file coords31.txt (compact mmCIF, C-alpha atoms)
# COMPACT_ATOMS: atom_id res chain seq x y z
CA MET A 1 -53.27 190.68 13.96
CA ARG A 2 -56.87 190.66 15.18
CA TRP A 3 -57.93 189.80 18.69
CA LEU A 4 -61.17 188.31 19.95
CA SER A 5 -62.66 189.46 23.23
CA CYS A 6 -65.02 187.56 25.49
CA HIS A 7 -66.72 190.84 26.44
CA PRO A 8 -69.66 191.88 24.20
CA SER A 9 -68.49 195.49 23.99
CA HIS A 10 -65.15 194.36 22.59
CA ARG A 11 -66.42 192.10 19.84
CA THR A 12 -64.84 192.60 16.47
CA ARG A 13 -66.89 192.31 13.35
CA PRO A 14 -65.65 189.50 11.10
CA GLU A 15 -63.98 190.37 7.86
CA ALA A 16 -65.92 190.39 4.61
CA ALA A 17 -66.59 187.03 2.93
CA ILE A 18 -65.91 185.12 6.15
CA GLY A 19 -69.44 183.71 6.23
CA LYS A 20 -72.58 184.03 8.32
CA PRO A 21 -73.21 182.48 11.73
CA LEU A 22 -75.50 179.48 11.96
CA ARG A 23 -79.18 180.00 12.50
CA GLY A 24 -81.98 177.61 13.36
CA ASP A 25 -81.50 174.05 14.54
CA TYR A 26 -77.83 173.59 15.44
CA ARG A 27 -78.27 169.85 15.53
CA ARG A 28 -78.13 170.06 11.76
CA LEU A 29 -74.43 170.75 11.71
CA ARG A 30 -72.62 172.69 9.05
CA THR A 31 -69.41 171.41 7.53
CA ALA A 32 -67.13 173.08 5.01
CA ARG A 33 -64.43 171.56 2.82
CA ALA A 34 -61.35 173.75 2.81
CA PRO A 35 -59.18 174.14 -0.29
CA ALA A 36 -55.88 173.29 1.38
CA ARG A 37 -54.57 170.72 3.82
CA PRO A 38 -52.93 171.30 7.17
CA PRO A 39 -49.22 170.50 7.42
CA TYR A 40 -49.42 167.90 10.15
CA SER A 41 -51.03 165.20 8.06
CA VAL A 42 -52.03 164.03 4.63
CA LEU A 43 -55.63 163.92 5.85
CA VAL A 44 -57.89 166.92 6.44
CA ALA A 45 -58.74 167.25 10.13
CA THR A 46 -62.22 168.30 11.26
CA ILE A 47 -62.40 170.82 14.10
CA LEU A 48 -65.52 171.29 16.23
CA VAL A 49 -65.91 174.86 17.56
CA VAL A 50 -68.22 175.17 20.57
CA ASP A 51 -68.83 178.80 21.60
CA ASP A 52 -72.02 180.72 22.36
CA ASP A 53 -70.66 183.97 20.88
CA PRO A 54 -71.54 183.88 17.14
CA THR A 55 -68.87 186.45 16.27
CA VAL A 56 -66.12 184.50 18.00
CA ARG A 57 -67.36 181.29 16.43
CA GLU A 58 -67.56 182.86 12.99
CA VAL A 59 -64.05 184.30 13.03
CA VAL A 60 -62.48 181.16 14.52
CA VAL A 61 -64.16 178.98 11.90
CA ALA A 62 -62.98 181.30 9.13
CA TYR A 63 -59.36 181.13 10.28
CA LEU A 64 -59.51 177.36 10.67
CA ARG A 65 -60.84 176.98 7.13
CA GLN A 66 -58.13 179.25 5.79
CA ALA A 67 -55.62 176.97 7.49
CA GLY A 68 -57.07 173.98 5.64
CA TYR A 69 -59.35 172.39 8.22
CA ASP A 70 -62.94 171.22 7.96
CA THR A 71 -65.23 172.64 10.64
CA LEU A 72 -68.31 171.89 12.70
CA GLU A 73 -70.07 174.40 14.94
CA ALA A 74 -72.22 174.35 18.07
CA PRO A 75 -73.55 177.32 20.13
CA ASP A 76 -73.94 175.66 23.53
CA GLY A 77 -72.96 172.72 25.70
CA PRO A 78 -75.75 170.26 24.81
CA ASN A 79 -75.30 170.77 21.09
CA GLY A 80 -71.53 170.52 21.53
CA VAL A 81 -71.98 167.02 22.96
CA ILE A 82 -74.29 166.13 20.07
CA ALA A 83 -71.87 167.59 17.51
CA ALA A 84 -69.04 165.44 18.87
CA HIS A 85 -70.93 162.37 17.65
CA ALA A 86 -69.76 163.41 14.16
CA GLN A 87 -66.26 162.29 15.26
CA PRO A 88 -64.25 165.53 14.95
CA ASP A 89 -60.48 165.31 15.22
CA LEU A 90 -60.26 168.14 17.77
CA VAL A 91 -62.64 170.35 19.77
CA VAL A 92 -62.21 174.07 20.49
CA LEU A 93 -64.35 174.46 23.61
CA ASP A 94 -65.40 177.61 25.47
CA VAL A 95 -65.72 177.34 29.25
CA MET A 96 -68.72 179.65 29.67
CA LEU A 97 -71.52 177.90 27.74
CA PRO A 98 -75.28 177.88 28.21
CA GLY A 99 -77.00 174.62 29.05
CA ILE A 100 -73.86 172.72 30.08
CA ASP A 101 -70.60 174.49 30.85
CA GLY A 102 -67.39 173.64 29.06
CA PHE A 103 -66.01 171.61 31.96
CA GLU A 104 -68.97 169.24 31.88
CA VAL A 105 -68.82 169.01 28.09
CA CYS A 106 -65.12 168.17 28.35
CA ARG A 107 -65.85 165.51 30.96
CA ARG A 108 -68.54 163.89 28.80
CA LEU A 109 -66.42 163.96 25.67
CA ARG A 110 -63.50 162.44 27.54
CA ALA A 111 -65.77 159.66 28.83
CA GLU A 112 -66.82 158.80 25.27
CA ARG A 113 -63.50 159.44 23.50
CA PRO A 114 -60.51 159.54 25.85
CA ASP A 115 -58.16 160.33 22.97
CA LEU A 116 -60.14 163.31 21.58
CA PRO A 117 -57.94 166.45 21.67
CA ILE A 118 -59.59 169.47 23.33
CA VAL A 119 -58.44 173.10 23.38
CA MET A 120 -60.36 175.16 25.94
CA LEU A 121 -61.06 178.90 25.82
CA THR A 122 -61.03 180.58 29.23
CA ALA A 123 -61.57 184.09 30.59
CA LEU A 124 -58.52 186.33 30.72
CA GLY A 125 -56.48 185.83 33.88
CA ASP A 126 -58.78 183.18 35.33
CA GLU A 127 -56.14 180.73 36.50
CA GLU A 128 -58.68 178.53 38.26
CA ASP A 129 -60.53 177.95 34.98
CA ARG A 130 -57.30 177.07 33.20
CA ILE A 131 -56.30 174.60 35.90
CA ALA A 132 -59.81 173.13 35.99
CA GLY A 133 -59.79 172.74 32.21
CA LEU A 134 -56.53 170.82 32.30
CA ASP A 135 -57.79 168.76 35.24
CA HIS A 136 -60.86 167.82 33.20
CA GLY A 137 -58.64 166.55 30.40
CA ALA A 138 -58.08 169.55 28.10
CA ASP A 139 -54.90 169.27 26.03
CA ASP A 140 -54.34 173.02 25.86
CA TYR A 141 -56.07 176.30 26.71
CA LEU A 142 -56.16 179.85 25.42
CA SER A 143 -57.29 182.93 27.35
CA LYS A 144 -59.72 185.46 25.91
CA PRO A 145 -59.14 187.85 24.25
CA PHE A 146 -56.97 185.81 21.90
CA SER A 147 -55.50 185.95 18.43
CA PRO A 148 -57.28 183.60 15.98
CA ARG A 149 -53.92 182.95 14.36
CA GLU A 150 -52.51 181.81 17.68
CA LEU A 151 -55.51 179.52 18.13
CA VAL A 152 -54.84 177.94 14.73
CA LEU A 153 -51.21 177.38 15.72
CA ARG A 154 -52.29 175.81 19.03
CA VAL A 155 -54.70 173.52 17.16
CA ALA A 156 -51.97 172.42 14.76
CA SER A 157 -49.54 171.86 17.64
CA VAL A 158 -51.99 169.68 19.59
CA LEU A 159 -52.85 167.65 16.49
CA ARG A 160 -49.16 167.04 15.81
CA ARG A 161 -48.64 165.84 19.38
CA VAL A 162 -51.57 163.44 19.41
CA ASN A 163 -51.26 162.35 15.76
CA PRO A 164 -47.58 162.52 14.87
CA PRO A 165 -47.00 161.91 11.17
CA MET A 166 -45.59 158.51 10.34
CA PRO A 167 -41.95 158.74 9.26
CA ALA A 168 -41.66 158.79 5.49
CA GLU A 169 -39.64 155.60 5.46
CA LEU A 170 -42.52 153.75 7.17
CA GLN A 171 -45.41 155.04 5.07
CA ALA A 172 -47.12 152.66 2.66
CA ARG A 173 -46.50 153.62 -0.96
CA GLN A 174 -48.71 153.23 -3.97
CA ASP A 175 -47.84 153.65 -7.63
CA GLY A 176 -50.61 152.58 -9.97
CA ASN A 177 -51.06 148.83 -9.59
CA LEU A 178 -48.00 148.55 -7.37
CA ARG A 179 -48.21 148.82 -3.57
CA LEU A 180 -45.46 148.53 -0.99
CA ASP A 181 -45.77 148.42 2.81
CA PRO A 182 -42.42 149.13 4.53
CA VAL A 183 -43.74 148.16 7.97
CA ALA A 184 -45.05 144.74 6.94
CA ARG A 185 -42.29 144.49 4.29
CA THR A 186 -44.75 143.31 1.68
CA ALA A 187 -45.27 144.34 -1.92
CA ALA A 188 -48.04 143.56 -4.37
CA LEU A 189 -48.58 144.04 -8.09
CA ASP A 190 -52.19 143.94 -9.29
CA ASP A 191 -53.04 142.75 -5.76
CA ALA A 192 -50.81 139.70 -6.23
CA PRO A 193 -47.90 139.37 -3.76
CA LEU A 194 -44.47 140.12 -5.16
CA SER A 195 -41.68 137.77 -4.20
CA LEU A 196 -38.75 140.09 -3.47
CA THR A 197 -35.42 139.50 -1.79
CA GLY A 198 -34.49 141.80 1.06
CA ARG A 199 -32.27 143.96 -1.15
CA GLU A 200 -34.85 144.08 -3.93
CA PHE A 201 -37.45 145.24 -1.44
CA ASP A 202 -35.14 147.93 -0.06
CA LEU A 203 -34.24 149.08 -3.56
CA LEU A 204 -37.88 149.31 -4.62
CA SER A 205 -38.75 151.13 -1.39
CA HIS A 206 -36.00 153.66 -2.02
CA PHE A 207 -37.17 154.35 -5.57
CA LEU A 208 -40.82 154.69 -4.55
CA ALA A 209 -39.83 157.13 -1.81
CA HIS A 210 -38.04 159.32 -4.38
CA PRO A 211 -40.13 159.23 -7.58
CA GLY A 212 -38.70 161.14 -10.52
CA GLU A 213 -35.26 161.47 -8.91
CA ALA A 214 -32.22 160.10 -10.71
CA PHE A 215 -29.63 158.16 -8.69
CA SER A 216 -26.16 157.02 -9.66
CA ARG A 217 -25.14 153.49 -8.88
CA GLU A 218 -22.76 154.85 -6.25
CA GLU A 219 -25.63 156.69 -4.54
CA LEU A 220 -27.81 153.59 -4.60
CA LEU A 221 -25.01 151.47 -3.20
CA SER A 222 -24.68 153.91 -0.31
CA ALA A 223 -28.41 154.49 0.32
CA VAL A 224 -29.67 150.90 -0.06
CA TRP A 225 -26.69 148.75 0.82
CA GLY A 226 -24.99 151.15 3.22
CA TRP A 227 -21.68 150.66 1.44
CA GLU A 228 -19.35 153.55 0.66
CA TYR A 229 -17.32 151.29 -1.61
CA GLY A 230 -18.25 148.12 -3.45
CA ASP A 231 -18.85 146.43 -6.79
CA LEU A 232 -21.29 148.61 -8.74
CA THR A 233 -22.36 145.53 -10.68
CA THR A 234 -24.32 144.60 -7.56
CA VAL A 235 -26.66 147.54 -8.22
CA THR A 236 -26.94 146.72 -11.91
CA VAL A 237 -27.92 143.11 -11.24
CA HIS A 238 -30.52 144.07 -8.64
CA VAL A 239 -32.06 146.68 -10.92
CA ARG A 240 -32.34 144.06 -13.67
CA ARG A 241 -33.97 141.55 -11.34
CA LEU A 242 -36.35 144.17 -9.97
CA ARG A 243 -37.39 145.13 -13.48
CA GLU A 244 -38.26 141.52 -14.19
CA LYS A 245 -40.75 141.64 -11.33
CA VAL A 246 -42.35 145.08 -11.69
CA GLU A 247 -42.15 145.89 -15.40
CA ALA A 248 -44.61 144.65 -18.03
CA SER A 249 -41.70 144.51 -20.48
CA PRO A 250 -38.38 144.34 -18.59
CA SER A 251 -36.37 144.96 -21.76
CA GLN A 252 -38.30 148.18 -22.36
CA PRO A 253 -38.87 149.52 -18.84
CA THR A 254 -41.28 152.38 -18.26
CA ARG A 255 -41.01 152.57 -14.48
CA LEU A 256 -37.45 151.80 -13.46
CA VAL A 257 -35.73 153.58 -16.32
CA THR A 258 -32.09 154.11 -17.17
CA VAL A 259 -30.81 157.70 -17.12
CA TRP A 260 -27.88 157.56 -19.48
CA GLY A 261 -24.65 158.89 -18.01
CA ILE A 262 -26.16 159.00 -14.50
CA GLY A 263 -27.91 155.82 -13.33
CA TYR A 264 -31.56 155.02 -12.72
CA ARG A 265 -34.83 156.78 -12.01
CA TRP A 266 -38.33 155.67 -10.97
CA ASP A 267 -41.00 157.19 -13.19
CA PRO A 268 -44.39 157.01 -11.44
CA SER A 269 -47.33 155.62 -13.37

call {"tool": "encode", "arguments": {"input": "coords31.txt", "output": "structure tokens"}}
result
Amino acid sequence: MRWLSCHPSHRTRPEAAIGKPLRGDYRRLRTARAPARPPYSVLVATILVVDDDPTVREVVVAYLRQAGYDTLEAPDGPNGVIAAHAQPDLVVLDVMLPGIDGFEVCRRLRAERPDLPIVMLTALGDEEDRIAGLDHGADDYLSKPFSPRELVLRVASVLRRVNPPMPAELQARQDGNLRLDPVARTAALDDAPLSLTGREFDLLSHFLAHPGEAFSREELLSAVWGWEYGDLTTVTVHVRRLREKVEASPSQPTRLVTVWGIGYRWDPS
């Protein structure tokens, strides 16, 4: 595990292939698309790193990219404020910055975007800076020297707190020309509203939430109807009626298919 120091004599050279620090006009911000996505969301978050130490900035950006984030960079307070106009999802902000210190940057960012998450970097053991950072609206802080891996974990933790993922059962679902919104309880096929009964909607929602998974009629009766016992014909009838509404040819279904000897399965388009 590598550690970053705020003292020039303790700087660690970045690993090979990490990338070079920005040069020239920092108002022309650099972004980088990472190959993976962070676990907290289906969307890629953009992190703005504001630090006047190019080595610290370079290593932090490299670790954030490896974790699946997009990045922006700024070397001082004024450019950090400018960079925030690009609407990052979170800011990693050093306290000791030229031009405008981190506390003032935090105050200005909070005035423009009260909900913008900010993780501040403070000097080791400087409790006053940590308290001041939190008082200015920082969501979390990390003392230098710090582990870049710990910083990435702090970033992910803050993002999860401020942007908790929507429960799977409430997420809108799309399958080709079919869209279902569990919150609004609406469904559409080719952008035309589908007229579904409550049980048909729940059955379709269950299948779309578990594409490619085969369910017996008993399992569907329990999951959709909440019944441990009941007439299995109820499931059969509802499957038939649902096919009539979502299949191009209900007698030869390609989406809601029969798995012989088991039950039914939703095959995504």

call {"tool": "atom_distance", "arguments": {"input": "coords31.txt", "atom1": "atom CA of A:Arg107", "atom2": "atom CA of A:Ala138"}}
result
9.2 Å

call {"tool": "closest_residue", "arguments": {"input": "coords31.txt", "among": "A:Asp231, A:Val92, A:Pro98, A:Asn177", "to": "A:Arg154", "atoms": "all atoms listed in the file"}}
result
A:Val92

call {"tool": "residues_around", "arguments": {"input": "coords31.txt", "residues": "A:Val162", "least_positions_apart": "4", "cutoff": "9 Å", "atoms": "only C-alpha atoms", "output": "PyMOL selection string"}}
result
chain A and resi 115-117+157-158

call {"tool": "residues_around", "arguments": {"input": "coords31.txt", "residues": "A:Gly99", "least_positions_apart": "6", "cutoff": "10 Å", "atoms": "all atoms listed in the file", "output": "JSON, numbers by chain"}}
result
{"A": [75, 76, 77, 78, 79, 105]}

call {"tool": "closest_residue", "arguments": {"input": "coords31.txt", "among": "A:Gly102, A:Gly137, A:Gly80, A:Pro148", "to": "A:Gln66", "atoms": "only C-alpha atoms"}}
result
A:Pro148

call {"tool": "residues_around", "arguments": {"input": "coords31.txt", "residues": "A:Pro193", "least_positions_apart": "2", "cutoff": "12 Å", "atoms": "only C-alpha atoms", "output": "list in words"}}
result
Asn177, Leu178, Arg179, Leu180, Asp181, Arg185, Thr186, Ala187, Ala188, Leu189, Asp190, Asp191, Ser195, Leu196, Lys245 and Val246 of chain A

call {"tool": "atom_distance", "arguments": {"input": "coords31.txt", "atom1": "atom CA of A:Val56", "atom2": "atom CA of A:Val119"}}
result
14.8 Å

call {"tool": "residues_around", "arguments": {"input": "coords31.txt", "residues": "A:Gly261", "least_positions_apart": "5", "cutoff": "12 Å", "atoms": "only C-alpha atoms", "output": "compact mmCIF listing (two decimals) with C-alpha atoms, keeping the file's coordinate frame"}}
result
# COMPACT_ATOMS: atom_id res chain seq x y z
CA ALA A 214 -32.22 160.10 -10.71
CA PHE A 215 -29.63 158.16 -8.69
CA SER A 216 -26.16 157.02 -9.66
CA ARG A 217 -25.14 153.49 -8.88

call {"tool": "closest_residue", "arguments": {"input": "coords31.txt", "among": "A:Arg108, A:Arg113, A:Arg160, A:Arg149", "to": "A:Val59", "atoms": "only C-alpha atoms"}}
result
A:Arg149

call {"tool": "atom_distance", "arguments": {"input": "coords31.txt", "atom1": "atom CA of A:Ala111", "atom2": "atom CA of A:Ala132"}}
result
16.4 Å

call {"tool": "closest_residue", "arguments": {"input": "coords31.txt", "among": "A:Phe103, A:Trp225, A:Phe146, A:Tyr141", "to": "A:Leu203", "atoms": "only C-alpha atoms"}}
result
A:Trp225

call {"tool": "residues_around", "arguments": {"input": "coords31.txt", "residues": "A:Ala223", "least_positions_apart": "5", "cutoff": "12 Å", "atoms": "only C-alpha atoms", "output": "list in words"}}
result
Arg199, Asp202, Leu203, Leu204, Ser205, His206, Phe207, Ala209, His210, Phe215, Ser216, Arg217, Glu218, Glu228, Tyr229 and Val235 of chain A

call {"tool": "write_last_selection", "arguments": {"input": "coords31.txt", "atoms": "C-alpha atoms", "output": "compact mmCIF listing (two decimals), keeping the file's coordinate frame"}}
result
# COMPACT_ATOMS: atom_id res chain seq x y z
CA ARG A 199 -32.27 143.96 -1.15
CA ASP A 202 -35.14 147.93 -0.06
CA LEU A 203 -34.24 149.08 -3.56
CA LEU A 204 -37.88 149.31 -4.62
CA SER A 205 -38.75 151.13 -1.39
CA HIS A 206 -36.00 153.66 -2.02
CA PHE A 207 -37.17 154.35 -5.57
CA ALA A 209 -39.83 157.13 -1.81
CA HIS A 210 -38.04 159.32 -4.38
CA PHE A 215 -29.63 158.16 -8.69
CA SER A 216 -26.16 157.02 -9.66
CA ARG A 217 -25.14 153.49 -8.88
CA GLU A 218 -22.76 154.85 -6.25
CA GLU A 228 -19.35 153.55 0.66
CA TYR A 229 -17.32 151.29 -1.61
CA VAL A 235 -26.66 147.54 -8.22

call {"tool": "closest_residue", "arguments": {"input": "coords31.txt", "among": "A:Val224, A:Gln174, A:Val91, A:Gly212", "to": "A:Val155", "atoms": "only C-alpha atoms"}}
result
A:Val91

call {"tool": "closest_residue", "arguments": {"input": "coords31.txt", "among": "A:Ala248, A:Arg243, A:Ile262, A:Asp140", "to": "A:Leu153", "atoms": "all atoms listed in the file"}}
result
A:Asp140

call {"tool": "axis_aligned_box", "arguments": {"input": "coords31.txt", "around": "stretch 146-160 of chain A", "padding_each_side": "3 Å", "output": "AutoDock Vina command-line options"}}
result
--center_x -53.2 --center_y 176.5 --center_z 18.1 --size_x 14.1 --size_y 24.9 --size_z 13.5

call {"tool": "decode", "arguments": {"input": "coords31.txt", "residues": "stretch 204-226 of chain A", "atoms": "N, CA and C atoms", "output": "PDB file, in the first residue's frame"}}
result
ATOM      1  N   LEU A 204     -45.353  -9.159 -14.737  1.00  0.00           N
ATOM      2  CA  LEU A 204     -44.408  -8.654 -15.724  1.00  0.00           C
ATOM      3  C   LEU A 204     -43.190  -8.037 -15.030  1.00  0.00           C
ATOM      4  N   SER A 205     -43.430  -7.293 -13.954  1.00  0.00           N
ATOM      5  CA  SER A 205     -42.333  -6.679 -13.213  1.00  0.00           C
ATOM      6  C   SER A 205     -41.392  -7.743 -12.662  1.00  0.00           C
ATOM      7  N   HIS A 206     -41.951  -8.817 -12.159  1.00  0.00           N
ATOM      8  CA  HIS A 206     -41.133  -9.897 -11.598  1.00  0.00           C
ATOM      9  C   HIS A 206     -40.276 -10.536 -12.684  1.00  0.00           C
ATOM     10  N   PHE A 207     -40.861 -10.796 -13.838  1.00  0.00           N
ATOM     11  CA  PHE A 207     -40.096 -11.415 -14.921  1.00  0.00           C
ATOM     12  C   PHE A 207     -38.988 -10.484 -15.420  1.00  0.00           C
ATOM     13  N   LEU A 208     -39.301  -9.201 -15.581  1.00  0.00           N
ATOM     14  CA  LEU A 208     -38.296  -8.262 -16.076  1.00  0.00           C
ATOM     15  C   LEU A 208     -37.155  -8.071 -15.083  1.00  0.00           C
ATOM     16  N   ALA A 209     -37.457  -8.261 -13.792  1.00  0.00           N
ATOM     17  CA  ALA A 209     -36.414  -8.133 -12.777  1.00  0.00           C
ATOM     18  C   ALA A 209     -35.518  -9.359 -12.724  1.00  0.00           C
ATOM     19  N   HIS A 210     -35.957 -10.460 -13.351  1.00  0.00           N
ATOM     20  CA  HIS A 210     -35.177 -11.705 -13.323  1.00  0.00           C
ATOM     21  C   HIS A 210     -35.100 -12.309 -14.736  1.00  0.00           C
ATOM     22  N   PRO A 211     -34.528 -11.585 -15.689  1.00  0.00           N
ATOM     23  CA  PRO A 211     -34.475 -12.097 -17.059  1.00  0.00           C
ATOM     24  C   PRO A 211     -33.634 -13.366 -17.148  1.00  0.00           C
ATOM     25  N   GLY A 212     -34.100 -14.304 -17.959  1.00  0.00           N
ATOM     26  CA  GLY A 212     -33.363 -15.541 -18.175  1.00  0.00           C
ATOM     27  C   GLY A 212     -33.469 -16.556 -17.062  1.00  0.00           C
ATOM     28  N   GLU A 213     -34.278 -16.264 -16.036  1.00  0.00           N
ATOM     29  CA  GLU A 213     -34.409 -17.167 -14.892  1.00  0.00           C
ATOM     30  C   GLU A 213     -35.746 -17.892 -14.953  1.00  0.00           C
ATOM     31  N   ALA A 214     -35.708 -19.205 -14.858  1.00  0.00           N
ATOM     32  CA  ALA A 214     -36.923 -20.005 -14.946  1.00  0.00           C
ATOM     33  C   ALA A 214     -37.593 -20.106 -13.576  1.00  0.00           C
ATOM     34  N   PHE A 215     -38.929 -19.952 -13.571  1.00  0.00           N
ATOM     35  CA  PHE A 215     -39.703 -20.035 -12.335  1.00  0.00           C
ATOM     36  C   PHE A 215     -40.807 -21.067 -12.496  1.00  0.00           C
ATOM     37  N   SER A 216     -41.014 -21.843 -11.451  1.00  0.00           N
ATOM     38  CA  SER A 216     -42.163 -22.754 -11.438  1.00  0.00           C
ATOM     39  C   SER A 216     -43.413 -21.954 -11.116  1.00  0.00           C
ATOM     40  N   ARG A 217     -44.543 -22.549 -11.372  1.00  0.00           N
ATOM     41  CA  ARG A 217     -45.792 -21.857 -11.054  1.00  0.00           C
ATOM     42  C   ARG A 217     -45.920 -21.653  -9.546  1.00  0.00           C
ATOM     43  N   GLU A 218     -45.418 -22.607  -8.766  1.00  0.00           N
ATOM     44  CA  GLU A 218     -45.451 -22.447  -7.317  1.00  0.00           C
ATOM     45  C   GLU A 218     -44.615 -21.240  -6.885  1.00  0.00           C
ATOM     46  N   GLU A 219     -43.435 -21.075  -7.483  1.00  0.00           N
ATOM     47  CA  GLU A 219     -42.578 -19.945  -7.133  1.00  0.00           C
ATOM     48  C   GLU A 219     -43.208 -18.615  -7.521  1.00  0.00           C
ATOM     49  N   LEU A 220     -43.863 -18.595  -8.678  1.00  0.00           N
ATOM     50  CA  LEU A 220     -44.539 -17.373  -9.106  1.00  0.00           C
ATOM     51  C   LEU A 220     -45.725 -17.056  -8.207  1.00  0.00           C
ATOM     52  N   LEU A 221     -46.445 -18.073  -7.803  1.00  0.00           N
ATOM     53  CA  LEU A 221     -47.589 -17.857  -6.915  1.00  0.00           C
ATOM     54  C   LEU A 221     -47.121 -17.247  -5.593  1.00  0.00           C
ATOM     55  N   SER A 222     -45.960 -17.682  -5.113  1.00  0.00           N
ATOM     56  CA  SER A 222     -45.430 -17.160  -3.860  1.00  0.00           C
ATOM     57  C   SER A 222     -44.863 -15.755  -4.033  1.00  0.00           C
ATOM     58  N   ALA A 223     -44.077 -15.542  -5.117  1.00  0.00           N
ATOM     59  CA  ALA A 223     -43.381 -14.263  -5.306  1.00  0.00           C
ATOM     60  C   ALA A 223     -44.320 -13.145  -5.713  1.00  0.00           C
ATOM     61  N   VAL A 224     -45.300 -13.433  -6.577  1.00  0.00           N
ATOM     62  CA  VAL A 224     -46.167 -12.393  -7.136  1.00  0.00           C
ATOM     63  C   VAL A 224     -47.465 -12.246  -6.348  1.00  0.00           C
ATOM     64  N   TRP A 225     -48.039 -13.369  -5.982  1.00  0.00           N
ATOM     65  CA  TRP A 225     -49.320 -13.314  -5.269  1.00  0.00           C
ATOM     66  C   TRP A 225     -49.139 -13.314  -3.749  1.00  0.00           C
ATOM     67  N   GLY A 226     -47.985 -13.793  -3.292  1.00  0.00           N
ATOM     68  CA  GLY A 226     -47.766 -13.895  -1.855  1.00  0.00           C
ATOM     69  C   GLY A 226     -48.493 -15.056  -1.222  1.00  0.00           C
TER      70      GLY A 226
END
